[in-house]
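> Dropping the structure in here first, questions after.
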Amino acid sequence: MPANSTLPNNGTEVCVLSPHASLFNIVTGVFISTVIFGVTDGLIVSHSIAWIYPLATLRILVVGLWQVCVVLPQNLTRGGRERFYSEEISREEVNILGWLGWGWCVLHAPIQYLWLVKNWSNASPMLLLIRGVSICVVALPLTIDTKARYGRALGKRPGGLVAAWLFSVVTTVSLVTLGVISTIELSMFAVKIYTPSLKWWTAYIMLVMVFWTCVTLLCIPPRDIPSTSGSFGEVLSGFMMGCFAGLYAAFPLFIMMQGSSHSPGMSITNYVRCQSISWWERAIAVLP
């Protein structure tokens, strides 16, 4: 039996991650994701993630819901309205790195959903806060570079209209899902710690988030413009910026992790060895 697992009265092994292990997964996820986006999307995107993400939940919701209400009915792959989307590029800029970055974003929608389902009733306020904020790291790139040109590239192939439509749907649903889950987790955190004395702080934080969303949308609006060509030099500079931005983004979470307990619960290594958990529970514990 793995160390630090528990045995209730019926003798069935109960495997749970320790608070430290749960936060370790989030910290490494923030760093790894920022590095990945530095390589796949360029240094501008990874740099933007580092300073936008702590208050980016509303930005993700605004862009995601706008895609649902306006862009998707007009075909997201054509760029939508130029107020939010631009087709200023003179040629298609589609490469394998961009596809990998897009895939990393959309992969996290089901992962975050499964995590929320599993931990709906037992997540601590601190874990909900950090998880709700860290989700923004993987969702933000789709609010900076919409990758609509990738859908257009699919549409030019034989039978590509269906593929282009599916690209639009998957992109939009993933972005909205991540924004909604982040909102739910932050709301659950607020409910768990709420006291009447905190009501003004709650209102203040909400106002700051609205202000931050407006500022970031004005400074870095969603655009269908490639931020990297995939050349070796740009990939290397994106990797270096991703490492720097990843350390910057993960450092506050790392400090919080140091104050967390190693018990009750177990390490990630012992957790994935448990016989009483399913494959998807192992997956969401391991994937950053």
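Residue numbers start at 1 in each chain; chains themselves are named A, B, ... in the order of the structure tokens; ligands are numbered from 1 in the order shown.
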Within 10 Å of A:Phe251, counting only C-alpha atoms, which residues qualify if same-chain residues fewer than 5 places away don't, as an MDAnalysis selection string?

chainID A and resid 27 30:31 245:246 256:257

> Give the helix (DSSP H, G or I) residues of stretch 107-234 of chain A, as assigned by DSSP on the backbone, as a PyMOL selection string.

chain A and resi 107-118+125-139+141-144+148-155+160-193+196-219+232-234

> For atom CA of A:Phe189 and atom CA of A:Pro125, determine how far apart the two atoms are, in Å to one decimal place.

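Taking atom CA of A:Phe189 and atom CA of A:Pro125, their separation equals 4.9 Å.
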
> Quick one: everything within 10 Å of A:Glu281, counting only C-alpha atoms, minus sequence neighbours fewer than 6 positions away in the same chain. Send it as a list in words.

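Counting only the stated atoms, we get Ile111, Leu114, Trp115, Lys118, Tyr271 and Val272 of chain A.
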
> Between A:Leu97, A:Leu23, A:Val176, A:Ile52, which is the closest to A:Cys219 once you count only C-alpha atoms?

A:Ile52

> For a quick check of understanding, using only C-alpha atoms, which of A:Val215, A:Met209, A:Met188, A:Ala203 has the smallest distance to A:Ser121?

A:Met188

> Between atom CA of A:Arg273 and atom CA of A:Ser124, what distance in Å does the model show, to one decimal?

23.7 Å
